[in-house]
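Raw query-v7.cif, mmCIF, C-alpha atoms and all ligand atoms; chains and numbers go by the auth columns:
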data_data
#
loop_
_atom_site.group_PDB
_atom_site.id
_atom_site.type_symbol
_atom_site.label_atom_id
_atom_site.label_comp_id
_atom_site.label_asym_id
_atom_site.label_seq_id
_atom_site.Cartn_x
_atom_site.Cartn_y
_atom_site.Cartn_z
_atom_site.B_iso_or_equiv
_atom_site.auth_seq_id
_atom_site.auth_asym_id
ATOM 1 C CA MET A 1 -0.826 -14.265 20.005 0.00 15 A
ATOM 2 C CA ASN A 2 2.819 -14.051 18.873 0.00 16 A
ATOM 3 C CA PRO A 3 3.639 -10.896 16.936 0.00 17 A
ATOM 4 C CA ILE A 4 3.459 -11.156 13.149 0.00 18 A
ATOM 5 C CA ARG A 5 6.879 -10.494 11.620 0.00 19 A
ATOM 6 C CA LEU A 6 6.850 -7.843 8.885 0.00 20 A
ATOM 7 C CA TYR A 7 9.947 -7.703 6.662 0.00 21 A
ATOM 8 C CA ARG A 8 9.972 -4.217 5.245 0.00 22 A
ATOM 9 C CA PHE A 9 11.762 -1.188 3.876 0.00 23 A
ATOM 10 C CA ALA A 10 10.363 1.804 5.747 0.00 24 A
ATOM 11 C CA LEU A 11 10.245 4.125 2.696 0.00 25 A
ATOM 12 C CA SER A 12 8.307 1.585 0.597 0.00 26 A
ATOM 13 C CA GLY A 13 4.614 2.229 0.048 0.00 27 A
ATOM 14 C CA HIS A 14 4.093 -1.498 -0.573 0.00 28 A
ATOM 15 C CA CYS A 15 5.492 -2.162 2.906 0.00 29 A
ATOM 16 C CA HIS A 16 3.525 0.667 4.507 0.00 30 A
ATOM 17 C CA ARG A 17 0.349 -0.827 3.006 0.00 31 A
ATOM 18 C CA ALA A 18 1.011 -4.065 4.919 0.00 32 A
ATOM 19 C CA GLU A 19 1.984 -2.234 8.114 0.00 33 A
ATOM 20 C CA LEU A 20 -1.115 -0.013 7.964 0.00 34 A
ATOM 21 C CA MET A 21 -3.360 -3.079 7.712 0.00 35 A
ATOM 22 C CA LEU A 22 -1.634 -4.747 10.671 0.00 36 A
ATOM 23 C CA SER A 23 -2.139 -1.591 12.704 0.00 37 A
ATOM 24 C CA LEU A 24 -5.751 -0.925 11.641 0.00 38 A
ATOM 25 C CA LEU A 25 -6.649 -4.476 12.656 0.00 39 A
ATOM 26 C CA GLY A 26 -4.899 -3.981 16.011 0.00 40 A
ATOM 27 C CA LEU A 27 -2.596 -6.952 15.411 0.00 41 A
ATOM 28 C CA PRO A 28 0.696 -7.237 17.319 0.00 42 A
ATOM 29 C CA TYR A 29 3.604 -7.089 14.859 0.00 43 A
ATOM 30 C CA GLU A 30 7.354 -6.774 14.783 0.00 44 A
ATOM 31 C CA ALA A 31 8.935 -4.805 11.913 0.00 45 A
ATOM 32 C CA ILE A 32 12.241 -6.139 10.579 0.00 46 A
ATOM 33 C CA ASP A 33 14.069 -3.704 8.310 0.00 47 A
ATOM 34 C CA ILE A 34 15.592 -5.152 5.142 0.00 48 A
ATOM 35 C CA ASP A 35 18.542 -3.266 3.655 0.00 49 A
ATOM 36 C CA LEU A 36 17.558 -2.950 -0.015 0.00 50 A
ATOM 37 C CA LYS A 37 20.718 -0.989 -0.877 0.00 51 A
ATOM 38 C CA ALA A 38 22.818 -3.922 0.375 0.00 52 A
ATOM 39 C CA LYS A 39 20.549 -6.328 -1.618 0.00 53 A
ATOM 40 C CA GLU A 40 19.525 -8.178 1.547 0.00 54 A
ATOM 41 C CA GLN A 41 16.235 -8.988 -0.245 0.00 55 A
ATOM 42 C CA LYS A 42 18.237 -11.117 -2.736 0.00 56 A
ATOM 43 C CA SER A 43 20.119 -13.092 -0.064 0.00 57 A
ATOM 44 C CA PRO A 44 19.556 -16.873 0.009 0.00 58 A
ATOM 45 C CA GLY A 45 17.805 -16.614 3.386 0.00 59 A
ATOM 46 C CA PHE A 46 15.369 -13.963 2.187 0.00 60 A
ATOM 47 C CA LEU A 47 14.711 -15.721 -1.133 0.00 61 A
ATOM 48 C CA LEU A 48 13.353 -18.634 0.906 0.00 62 A
ATOM 49 C CA LYS A 49 10.688 -16.237 2.205 0.00 63 A
ATOM 50 C CA ASN A 50 9.987 -14.638 -1.186 0.00 64 A
ATOM 51 C CA PRO A 51 11.625 -16.157 -4.289 0.00 65 A
ATOM 52 C CA LEU A 52 10.990 -12.844 -6.102 0.00 66 A
ATOM 53 C CA GLY A 53 13.349 -11.095 -3.671 0.00 67 A
ATOM 54 C CA LEU A 54 10.930 -8.274 -2.838 0.00 68 A
ATOM 55 C CA VAL A 55 9.509 -6.769 0.347 0.00 69 A
ATOM 56 C CA PRO A 56 7.045 -6.828 2.040 0.00 70 A
ATOM 57 C CA VAL A 57 6.800 -10.348 3.434 0.00 71 A
ATOM 58 C CA ILE A 58 5.010 -11.378 6.609 0.00 72 A
ATOM 59 C CA GLU A 59 5.483 -14.445 8.775 0.00 73 A
ATOM 60 C CA ASP A 60 2.528 -15.393 10.943 0.00 74 A
ATOM 61 C CA GLY A 61 3.531 -18.494 12.852 0.00 75 A
ATOM 62 C CA ALA A 62 4.232 -21.130 10.199 0.00 76 A
ATOM 63 C CA THR A 63 2.568 -19.075 7.432 0.00 77 A
ATOM 64 C CA THR A 64 4.645 -16.879 5.115 0.00 78 A
ATOM 65 C CA VAL A 65 2.910 -14.425 2.785 0.00 79 A
ATOM 66 C CA ALA A 66 4.684 -12.265 0.191 0.00 80 A
ATOM 67 C CA ASP A 67 3.172 -9.445 -1.897 0.00 81 A
ATOM 68 C CA SER A 68 1.458 -6.456 -0.300 0.00 82 A
ATOM 69 C CA ASN A 69 -1.998 -7.077 -1.745 0.00 83 A
ATOM 70 C CA ALA A 70 -1.855 -10.779 -0.844 0.00 84 A
ATOM 71 C CA ILE A 71 -0.917 -9.702 2.695 0.00 85 A
ATOM 72 C CA LEU A 72 -3.998 -7.443 2.881 0.00 86 A
ATOM 73 C CA VAL A 73 -6.235 -10.299 1.701 0.00 87 A
ATOM 74 C CA TYR A 74 -4.642 -12.715 4.176 0.00 88 A
ATOM 75 C CA LEU A 75 -4.835 -10.420 7.209 0.00 89 A
ATOM 76 C CA ALA A 76 -8.420 -9.299 6.582 0.00 90 A
ATOM 77 C CA THR A 77 -9.632 -12.821 5.837 0.00 91 A
ATOM 78 C CA ARG A 78 -7.893 -14.339 8.825 0.00 92 A
ATOM 79 C CA TYR A 79 -8.332 -11.645 11.461 0.00 93 A
ATOM 80 C CA ASP A 80 -11.280 -9.381 10.622 0.00 94 A
ATOM 81 C CA GLY A 81 -14.243 -11.277 12.037 0.00 95 A
ATOM 82 C CA SER A 82 -16.633 -8.538 10.860 0.00 96 A
ATOM 83 C CA GLY A 83 -15.820 -9.208 7.196 0.00 97 A
ATOM 84 C CA ARG A 84 -15.970 -5.460 6.559 0.00 98 A
ATOM 85 C CA TRP A 85 -12.361 -4.961 5.472 0.00 99 A
ATOM 86 C CA TYR A 86 -12.635 -7.641 2.761 0.00 100 A
ATOM 87 C CA PRO A 87 -16.312 -8.194 1.942 0.00 101 A
ATOM 88 C CA ARG A 88 -17.169 -11.661 0.626 0.00 102 A
ATOM 89 C CA ASP A 89 -20.300 -10.761 -1.327 0.00 103 A
ATOM 90 C CA ALA A 90 -19.544 -11.364 -5.032 0.00 104 A
ATOM 91 C CA VAL A 91 -20.098 -7.796 -6.218 0.00 105 A
ATOM 92 C CA ALA A 92 -18.348 -6.197 -3.239 0.00 106 A
ATOM 93 C CA ALA A 93 -15.358 -8.549 -3.544 0.00 107 A
ATOM 94 C CA ALA A 94 -15.073 -7.761 -7.270 0.00 108 A
ATOM 95 C CA ARG A 95 -15.133 -4.011 -6.509 0.00 109 A
ATOM 96 C CA VAL A 96 -12.312 -4.467 -4.011 0.00 110 A
ATOM 97 C CA GLN A 97 -10.314 -6.526 -6.519 0.00 111 A
ATOM 98 C CA GLN A 98 -10.599 -3.772 -9.147 0.00 112 A
ATOM 99 C CA TRP A 99 -8.737 -1.453 -6.758 0.00 113 A
ATOM 100 C CA LEU A 100 -6.112 -4.043 -5.861 0.00 114 A
ATOM 101 C CA SER A 101 -5.441 -4.352 -9.602 0.00 115 A
ATOM 102 C CA ILE A 102 -5.120 -0.584 -9.927 0.00 116 A
ATOM 103 C CA ALA A 103 -2.693 -0.613 -6.986 0.00 117 A
ATOM 104 C CA ALA A 104 -0.579 -3.285 -8.705 0.00 118 A
ATOM 105 C CA GLY A 105 -0.895 -1.614 -12.137 0.00 119 A
ATOM 106 C CA PRO A 106 -1.230 2.110 -12.853 0.00 120 A
ATOM 107 C CA LEU A 107 -0.476 3.195 -9.261 0.00 121 A
ATOM 108 C CA ALA A 108 2.763 1.171 -9.265 0.00 122 A
ATOM 109 C CA PHE A 109 3.817 2.228 -12.785 0.00 123 A
ATOM 110 C CA GLY A 110 2.688 5.845 -12.318 0.00 124 A
ATOM 111 C CA ALA A 111 2.887 7.570 -8.925 0.00 125 A
ATOM 112 C CA ALA A 112 5.098 4.955 -7.260 0.00 126 A
ATOM 113 C CA ALA A 113 7.509 4.873 -10.216 0.00 127 A
ATOM 114 C CA ALA A 114 7.757 8.695 -10.325 0.00 128 A
ATOM 115 C CA ARG A 115 8.611 8.639 -6.612 0.00 129 A
ATOM 116 C CA VAL A 116 11.289 5.955 -6.913 0.00 130 A
ATOM 117 C CA ILE A 117 12.895 7.986 -9.728 0.00 131 A
ATOM 118 C CA ARG A 118 12.926 11.200 -7.667 0.00 132 A
ATOM 119 C CA LEU A 119 13.950 9.648 -4.333 0.00 133 A
ATOM 120 C CA PHE A 120 16.291 6.855 -5.393 0.00 134 A
ATOM 121 C CA GLY A 121 17.328 7.737 -8.957 0.00 135 A
ATOM 122 C CA ALA A 122 15.703 4.628 -10.464 0.00 136 A
ATOM 123 C CA PRO A 123 16.561 4.401 -14.188 0.00 137 A
ATOM 124 C CA LEU A 124 12.960 4.870 -15.373 0.00 138 A
ATOM 125 C CA ASP A 125 11.212 7.472 -17.535 0.00 139 A
ATOM 126 C CA TRP A 126 9.715 10.151 -15.210 0.00 140 A
ATOM 127 C CA ASP A 127 7.541 11.724 -17.960 0.00 141 A
ATOM 128 C CA ARG A 128 5.988 8.336 -18.737 0.00 142 A
ATOM 129 C CA ALA A 129 5.369 7.656 -15.035 0.00 143 A
ATOM 130 C CA ALA A 130 3.866 11.140 -14.514 0.00 144 A
ATOM 131 C CA ASN A 131 1.567 10.606 -17.492 0.00 145 A
ATOM 132 C CA ILE A 132 0.314 7.290 -16.091 0.00 146 A
ATOM 133 C CA ALA A 133 -0.100 8.934 -12.665 0.00 147 A
ATOM 134 C CA ALA A 134 -2.172 11.769 -14.150 0.00 148 A
ATOM 135 C CA GLY A 135 -4.577 9.272 -15.711 0.00 149 A
ATOM 136 C CA GLN A 136 -4.845 7.194 -12.550 0.00 150 A
ATOM 137 C CA LEU A 137 -5.238 10.190 -10.211 0.00 151 A
ATOM 138 C CA GLY A 138 -7.898 11.665 -12.514 0.00 152 A
ATOM 139 C CA HIS A 139 -9.858 8.411 -12.362 0.00 153 A
ATOM 140 C CA LEU A 140 -9.519 8.305 -8.565 0.00 154 A
ATOM 141 C CA GLU A 141 -10.627 11.950 -8.239 0.00 155 A
ATOM 142 C CA ARG A 142 -13.755 11.339 -10.342 0.00 156 A
ATOM 143 C CA HIS A 143 -14.558 8.128 -8.458 0.00 157 A
ATOM 144 C CA LEU A 144 -14.409 9.935 -5.103 0.00 158 A
ATOM 145 C CA ALA A 145 -16.727 12.755 -6.232 0.00 159 A
ATOM 146 C CA ASN A 146 -19.761 11.084 -4.652 0.00 160 A
ATOM 147 C CA ARG A 147 -18.386 8.598 -2.114 0.00 161 A
ATOM 148 C CA ASP A 148 -16.226 8.550 1.010 0.00 162 A
ATOM 149 C CA PHE A 149 -14.324 5.298 0.438 0.00 163 A
ATOM 150 C CA LEU A 150 -13.283 3.383 -2.652 0.00 164 A
ATOM 151 C CA ALA A 151 -15.174 0.100 -2.761 0.00 165 A
ATOM 152 C CA SER A 152 -17.913 0.431 -0.148 0.00 166 A
ATOM 153 C CA GLU A 153 -19.569 2.983 2.117 0.00 167 A
ATOM 154 C CA HIS A 154 -16.969 2.001 4.740 0.00 168 A
ATOM 155 C CA PRO A 155 -13.182 1.488 4.438 0.00 169 A
ATOM 156 C CA THR A 156 -11.935 -1.783 2.954 0.00 170 A
ATOM 157 C CA ILE A 157 -8.557 -3.183 1.959 0.00 171 A
ATOM 158 C CA ALA A 158 -9.016 -1.236 -1.314 0.00 172 A
ATOM 159 C CA ASP A 159 -8.463 2.002 0.622 0.00 173 A
ATOM 160 C CA VAL A 160 -5.416 0.542 2.373 0.00 174 A
ATOM 161 C CA ALA A 161 -3.944 -0.622 -0.965 0.00 175 A
ATOM 162 C CA LEU A 162 -4.279 2.804 -2.577 0.00 176 A
ATOM 163 C CA TYR A 163 -3.441 5.018 0.413 0.00 177 A
ATOM 164 C CA SER A 164 0.347 4.899 0.841 0.00 178 A
ATOM 165 C CA TYR A 165 1.607 5.790 -2.636 0.00 179 A
ATOM 166 C CA THR A 166 -1.259 8.285 -3.154 0.00 180 A
ATOM 167 C CA ALA A 167 -0.421 10.113 0.080 0.00 181 A
ATOM 168 C CA HIS A 168 3.244 10.282 -0.980 0.00 182 A
ATOM 169 C CA VAL A 169 2.626 11.377 -4.587 0.00 183 A
ATOM 170 C CA PRO A 170 4.349 14.769 -3.965 0.00 184 A
ATOM 171 C CA GLU A 171 7.621 12.930 -3.194 0.00 185 A
ATOM 172 C CA GLY A 172 7.582 11.943 -6.871 0.00 186 A
ATOM 173 C CA GLY A 173 7.360 15.560 -8.011 0.00 187 A
ATOM 174 C CA ILE A 174 3.584 15.421 -8.667 0.00 188 A
ATOM 175 C CA SER A 175 1.254 17.843 -6.869 0.00 189 A
ATOM 176 C CA LEU A 176 -1.984 16.780 -5.193 0.00 190 A
ATOM 177 C CA ALA A 177 -3.293 20.374 -5.369 0.00 191 A
ATOM 178 C CA PRO A 178 -5.603 19.654 -8.356 0.00 192 A
ATOM 179 C CA TYR A 179 -7.237 16.735 -6.529 0.00 193 A
ATOM 180 C CA PRO A 180 -9.478 17.967 -3.655 0.00 194 A
ATOM 181 C CA MET A 181 -11.546 14.761 -3.522 0.00 195 A
ATOM 182 C CA ILE A 182 -8.395 12.667 -3.178 0.00 196 A
ATOM 183 C CA ARG A 183 -7.083 14.942 -0.416 0.00 197 A
ATOM 184 C CA GLY A 184 -10.389 14.581 1.455 0.00 198 A
ATOM 185 C CA TRP A 185 -10.237 10.780 1.152 0.00 199 A
ATOM 186 C CA LEU A 186 -6.613 10.717 2.376 0.00 200 A
ATOM 187 C CA ALA A 187 -7.714 12.694 5.442 0.00 201 A
ATOM 188 C CA ARG A 188 -10.550 10.215 6.080 0.00 202 A
ATOM 189 C CA VAL A 189 -8.106 7.286 5.956 0.00 203 A
ATOM 190 C CA GLU A 190 -5.711 9.180 8.250 0.00 204 A
ATOM 191 C CA SER A 191 -8.497 9.676 10.808 0.00 205 A
ATOM 192 C CA LEU A 192 -9.227 5.935 11.135 0.00 206 A
ATOM 193 C CA PRO A 193 -8.483 4.459 14.584 0.00 207 A
ATOM 194 C CA ARG A 194 -4.908 3.077 14.814 0.00 208 A
ATOM 195 C CA PHE A 195 -3.798 4.768 11.546 0.00 209 A
ATOM 196 C CA VAL A 196 0.003 4.838 11.276 0.00 210 A
ATOM 197 C CA PRO A 197 1.709 7.213 8.820 0.00 211 A
ATOM 198 C CA MET A 198 4.366 6.208 6.324 0.00 212 A
ATOM 199 C CA LEU A 199 7.859 7.562 6.876 0.00 213 A
ATOM 200 C CA LYS A 200 8.462 10.706 4.816 0.00 214 A
ATOM 201 C CA SER A 201 11.722 10.675 2.914 0.00 215 A
ATOM 202 C CA PRO A 202 14.252 13.238 4.174 0.00 216 A
ATOM 203 C CA ARG A 203 15.152 13.697 0.487 0.00 217 A
ATOM 204 C CA ALA A 204 11.644 14.909 -0.371 0.00 218 A
ATOM 205 C CA ALA A 205 11.029 18.649 -0.633 0.00 219 A
HETATM 206 N N1 LIG B . 3.999 -6.587 -6.141 0.00 301 A
HETATM 207 C C1 LIG B . 4.874 -6.436 -4.996 0.00 301 A
HETATM 208 C C2 LIG B . 5.884 -5.328 -5.267 0.00 301 A
HETATM 209 C C3 LIG B . 6.861 -5.173 -4.117 0.00 301 A
HETATM 210 C C4 LIG B . 8.038 -4.286 -4.472 0.00 301 A
HETATM 211 O O1 LIG B . 8.155 -3.773 -5.592 0.00 301 A
HETATM 212 N N2 LIG B . 8.901 -4.092 -3.480 0.00 301 A
HETATM 213 C C5 LIG B . 10.075 -3.260 -3.667 0.00 301 A
HETATM 214 C C6 LIG B . 10.111 -2.168 -2.604 0.00 301 A
HETATM 215 S S1 LIG B . 8.781 -1.024 -2.903 0.00 301 A
HETATM 216 C C7 LIG B . 11.326 -4.111 -3.495 0.00 301 A
HETATM 217 O O2 LIG B . 11.353 -5.011 -2.690 0.00 301 A
HETATM 218 N N3 LIG B . 12.387 -3.793 -4.268 0.00 301 A
HETATM 219 C C8 LIG B . 13.653 -4.464 -4.148 0.00 301 A
HETATM 220 C C9 LIG B . 14.168 -4.982 -5.464 0.00 301 A
HETATM 221 O O3 LIG B . 13.576 -4.672 -6.528 0.00 301 A
HETATM 222 O O4 LIG B . 15.164 -5.698 -5.421 0.00 301 A
HETATM 223 C C10 LIG B . 4.045 -6.161 -3.751 0.00 301 A
HETATM 224 O O5 LIG B . 2.920 -5.665 -3.895 0.00 301 A
HETATM 225 O O6 LIG B . 4.479 -6.476 -2.641 0.00 301 A
#
structure tokens encoding of this file:
Amino acid sequence: MNPIRLYRFALSGHCHRAELMLSLLGLPYEAIDIDLKAKEQKSPGFLLKNPLGLVPVIEDGATTVADSNAILVYLATRYDGSGRWYPRDAVAAARVQQWLSIAAGPLAFGAAAARVIRLFGAPLDWDRAANIAAGQLGHLERHLANRDFLASEHPTIADVALYSYTAHVPEGGISLAPYPMIRGWLARVESLPRFVPMLKSPRAA
């Protein structure tokens, strides 16, 4: 099998989400770093891969997939013969989708936004982001009170979608100290075979 090409920015949780899935599935991949500061993601060549001009994007042979959650769905559907990472049963699939929506909604506008403000000076409102993050982390903490993984008794793409930005919440100036259930879940994800960590920003405390 030829390696899957992953176009990424190493400090992006969206990109780490895609890379973590590639690694957990044991798929050969080649990471290609995109220089976001130089706006390489808006170059004509890159816009052919993703007209929205965002990373991550993967190329698997003739197939191009943009958007981190779409990449998780694609990789699990195509390469996980067990069907465990993306269950097809109606109820289980709906439970997974709820978490993908949280990853694309309150996680992105809360914890991820707070981090991009602190690390890269994004012109966003940190108090608003921290408030959204508090609501989302509280929900996650309560959900994990009586289960090990988010959408099933075993890990699924829901856990992969939520992991990266949750693990790096402190880089956004938000402590994980009040969230013991979340910290336990992060440790369970980190102990999965072939787990790869996300790069920690040198700018973070
Ligand atoms: N919904 C997209 C969001 C991706 C995204 O926001 N990527 C950021 C890096 S974390 C990006 O490419 N930013 C460059 C830009 O805004 O020009 C996904 O899940 O992949």
*Give me the result of the PyMOL selection byres (((not hetatm)) within 8 of (chain A and resi 301)) on this file, residue by residue, as a ChimeraX atom specification.*
/A:23,25-29,50,53,55-56,67-71,80-84,118
Resulting file, chosen residues, C-alpha atoms, as a PDB file, keeping the file's coordinate frame:
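Done, and the output landed in again_1.pdb:
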ATOM      1  CA  PHE A  23      11.762  -1.188   3.876  1.00  0.00           C
ATOM      2  CA  LEU A  25      10.245   4.125   2.696  1.00  0.00           C
ATOM      3  CA  SER A  26       8.307   1.585   0.597  1.00  0.00           C
ATOM      4  CA  GLY A  27       4.614   2.229   0.048  1.00  0.00           C
ATOM      5  CA  HIS A  28       4.093  -1.498  -0.573  1.00  0.00           C
ATOM      6  CA  CYS A  29       5.492  -2.162   2.906  1.00  0.00           C
ATOM      7  CA  LEU A  50      17.558  -2.950  -0.015  1.00  0.00           C
ATOM      8  CA  LYS A  53      20.549  -6.328  -1.618  1.00  0.00           C
ATOM      9  CA  GLN A  55      16.235  -8.988  -0.245  1.00  0.00           C
ATOM     10  CA  LYS A  56      18.237 -11.117  -2.736  1.00  0.00           C
ATOM     11  CA  GLY A  67      13.349 -11.095  -3.671  1.00  0.00           C
ATOM     12  CA  LEU A  68      10.930  -8.274  -2.838  1.00  0.00           C
ATOM     13  CA  VAL A  69       9.509  -6.769   0.347  1.00  0.00           C
ATOM     14  CA  PRO A  70       7.045  -6.828   2.040  1.00  0.00           C
ATOM     15  CA  VAL A  71       6.800 -10.348   3.434  1.00  0.00           C
ATOM     16  CA  ALA A  80       4.684 -12.265   0.191  1.00  0.00           C
ATOM     17  CA  ASP A  81       3.172  -9.445  -1.897  1.00  0.00           C
ATOM     18  CA  SER A  82       1.458  -6.456  -0.300  1.00  0.00           C
ATOM     19  CA  ASN A  83      -1.998  -7.077  -1.745  1.00  0.00           C
ATOM     20  CA  ALA A  84      -1.855 -10.779  -0.844  1.00  0.00           C
ATOM     21  CA  ALA A 118      -0.579  -3.285  -8.705  1.00  0.00           C
TER      22      ALA A 118
END
*Give me the residues within 8 Å of A:Ala128 as a PyMOL selection string, counting only C-alpha atoms and dropping any in the same chain fewer than 4 places off.*
chain A and resi 123-124+132+140+143-144+186-187
_Reference answer for the PyMOL selection byres (((chain A and resi 91) around 12) and not hetatm), as a list in words_ = Met35, Leu39, Ala84, Ile85, Leu86, Val87, Tyr88, Leu89, Ala90, Arg92, Tyr93, Asp94, Gly95, Ser96, Gly97, Arg98, Trp99, Tyr100, Pro101, Arg102, Ala107, Thr170 and Ile171 of chain A
Okay, now the selection with C-alpha atoms, as an mmCIF file, keeping the file's coordinate frame?
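Done, and the output landed in out_27.cif:
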data_model
loop_
_atom_site.group_PDB
_atom_site.id
_atom_site.type_symbol
_atom_site.label_atom_id
_atom_site.label_comp_id
_atom_site.auth_asym_id
_atom_site.auth_seq_id
_atom_site.Cartn_x
_atom_site.Cartn_y
_atom_site.Cartn_z
ATOM 1 C CA MET A 35 -3.360 -3.079 7.712
ATOM 2 C CA LEU A 39 -6.649 -4.476 12.656
ATOM 3 C CA ALA A 84 -1.855 -10.779 -0.844
ATOM 4 C CA ILE A 85 -0.917 -9.702 2.695
ATOM 5 C CA LEU A 86 -3.998 -7.443 2.881
ATOM 6 C CA VAL A 87 -6.235 -10.299 1.701
ATOM 7 C CA TYR A 88 -4.642 -12.715 4.176
ATOM 8 C CA LEU A 89 -4.835 -10.420 7.209
ATOM 9 C CA ALA A 90 -8.420 -9.299 6.582
ATOM 10 C CA ARG A 92 -7.893 -14.339 8.825
ATOM 11 C CA TYR A 93 -8.332 -11.645 11.461
ATOM 12 C CA ASP A 94 -11.280 -9.381 10.622
ATOM 13 C CA GLY A 95 -14.243 -11.277 12.037
ATOM 14 C CA SER A 96 -16.633 -8.538 10.860
ATOM 15 C CA GLY A 97 -15.820 -9.208 7.196
ATOM 16 C CA ARG A 98 -15.970 -5.460 6.559
ATOM 17 C CA TRP A 99 -12.361 -4.961 5.472
ATOM 18 C CA TYR A 100 -12.635 -7.641 2.761
ATOM 19 C CA PRO A 101 -16.312 -8.194 1.942
ATOM 20 C CA ARG A 102 -17.169 -11.661 0.626
ATOM 21 C CA ALA A 107 -15.358 -8.549 -3.544
ATOM 22 C CA THR A 170 -11.935 -1.783 2.954
ATOM 23 C CA ILE A 171 -8.557 -3.183 1.959
#
*Using only C-alpha atoms, what residues lie at most 12 Å away from (5.6, -19.1, 10.5) (file coordinates), given as a PyMOL selection string?*
chain A and resi 16-20+63+71-79
*Record the distance separating atom CA of A:Leu138 and atom CA of A:Ile116, expressed in Å with one decimal.*
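Atom CA of A:Leu138 sits 19.7 Å away from atom CA of A:Ile116.
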*Could you pull the residues within 10 Å of A:Ala117, counting all atoms listed in the file, minus those fewer than 3 positions along the same chain, as a PyMOL selection string?*
chain A and resi 28+82-83+111-114+120-124+126+150+172-177+179-180
With stretch 197-214 of chain A as the partner and 12 Å as the cut-off, tabulate the residues of stretch 64-172 of chain A that qualify, each row holding the nearest pair of atoms and their distance in Å to one decimal, using only C-alpha atoms, sorted by chain and rising number, as a tab-separated table.
residue	atom	partner	partner_atom	distance
A:Arg129	CA	A:Lys214	CA	11.6
A:Leu133	CA	A:Lys214	CA	10.7
A:Leu151	CA	A:Arg197	CA	11.0
A:Leu154	CA	A:Trp199	CA	10.1
A:Glu155	CA	A:Arg197	CA	9.1
A:His157	CA	A:Trp199	CA	10.9
A:Leu158	CA	A:Trp199	CA	7.6
A:Ala159	CA	A:Trp199	CA	10.0
A:Asn160	CA	A:Trp199	CA	11.2
A:Arg161	CA	A:Trp199	CA	9.0
A:Asp162	CA	A:Trp199	CA	6.4
A:Phe163	CA	A:Trp199	CA	6.9
A:Leu164	CA	A:Trp199	CA	8.9
A:His168	CA	A:Val203	CA	10.4
A:Pro169	CA	A:Val203	CA	7.9
A:Thr170	CA	A:Val203	CA	10.3
A:Ile171	CA	A:Val203	CA	11.2
A:Ala172	CA	A:Val203	CA	11.2
Axis-aligned box over every listed atom of stretch 147-151 of chain A, padded by 3 Å per side: centre and edges in Å to one decimal, as JSON?
{"center_x": -2.7, "center_y": 9.5, "center_z": -13.0, "size_x": 11.1, "size_y": 10.6, "size_z": 11.5}
*Computed interatomic separation between atom CA of A:His153 and atom CA of A:Leu36 (Å)*: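 These atoms are spaced 27.8 Å apart.
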*Which residue of A:Tyr43, A:Ala108, A:Ile196, A:Phe134 approaches A:Ala165 most closely, using all atoms listed in the file*: A:Ala108
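Between atom CA of A:Ala136 and atom CA of A:Arg22 lies a distance of 18.9 Å.
Of the listed residues A:Glu54, A:Pro216, A:Ser37, A:Leu190, the one whose atoms come nearest to A:Gly152 is A:Leu190, with distances taken using all atoms listed in the file.
Of the listed residues A:Val130, A:Tyr21, A:Val110, A:Leu66, the one whose atoms come nearest to A:Ile48 is A:Tyr21, with distances taken using only C-alpha atoms.
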Export of stretch 46-53 of chain A: N, CA, C and O atoms, as an mmCIF file, in the first residue's frame:
data_model
loop_
_atom_site.group_PDB
_atom_site.id
_atom_site.type_symbol
_atom_site.label_atom_id
_atom_site.label_comp_id
_atom_site.auth_asym_id
_atom_site.auth_seq_id
_atom_site.Cartn_x
_atom_site.Cartn_y
_atom_site.Cartn_z
ATOM 1 N N ILE A 46 2.994 15.991 5.279
ATOM 2 C CA ILE A 46 3.538 17.113 4.499
ATOM 3 C C ILE A 46 3.121 18.394 5.217
ATOM 4 O O ILE A 46 1.923 18.679 5.352
ATOM 5 N N ASP A 47 4.108 19.137 5.706
ATOM 6 C CA ASP A 47 3.808 20.336 6.488
ATOM 7 C C ASP A 47 3.436 21.497 5.579
ATOM 8 O O ASP A 47 4.131 21.797 4.610
ATOM 9 N N ILE A 48 2.324 22.145 5.920
ATOM 10 C CA ILE A 48 1.831 23.309 5.181
ATOM 11 C C ILE A 48 2.120 24.543 6.031
ATOM 12 O O ILE A 48 1.795 24.575 7.227
ATOM 13 N N ASP A 49 2.718 25.547 5.415
ATOM 14 C CA ASP A 49 3.119 26.760 6.130
ATOM 15 C C ASP A 49 1.926 27.727 6.188
ATOM 16 O O ASP A 49 1.675 28.497 5.262
ATOM 17 N N LEU A 50 1.183 27.663 7.303
ATOM 18 C CA LEU A 50 -0.024 28.491 7.422
ATOM 19 C C LEU A 50 0.322 29.973 7.488
ATOM 20 O O LEU A 50 -0.421 30.820 6.975
ATOM 21 N N LYS A 51 1.465 30.290 8.124
ATOM 22 C CA LYS A 51 1.871 31.699 8.253
ATOM 23 C C LYS A 51 2.108 32.304 6.867
ATOM 24 O O LYS A 51 1.765 33.464 6.609
ATOM 25 N N ALA A 52 2.655 31.493 5.966
ATOM 26 C CA ALA A 52 2.928 31.963 4.594
ATOM 27 C C ALA A 52 1.701 31.804 3.690
ATOM 28 O O ALA A 52 1.797 32.031 2.481
ATOM 29 N N LYS A 53 0.568 31.370 4.284
ATOM 30 C CA LYS A 53 -0.712 31.214 3.544
ATOM 31 C C LYS A 53 -0.616 30.164 2.432
ATOM 32 O O LYS A 53 -1.297 30.277 1.402
#
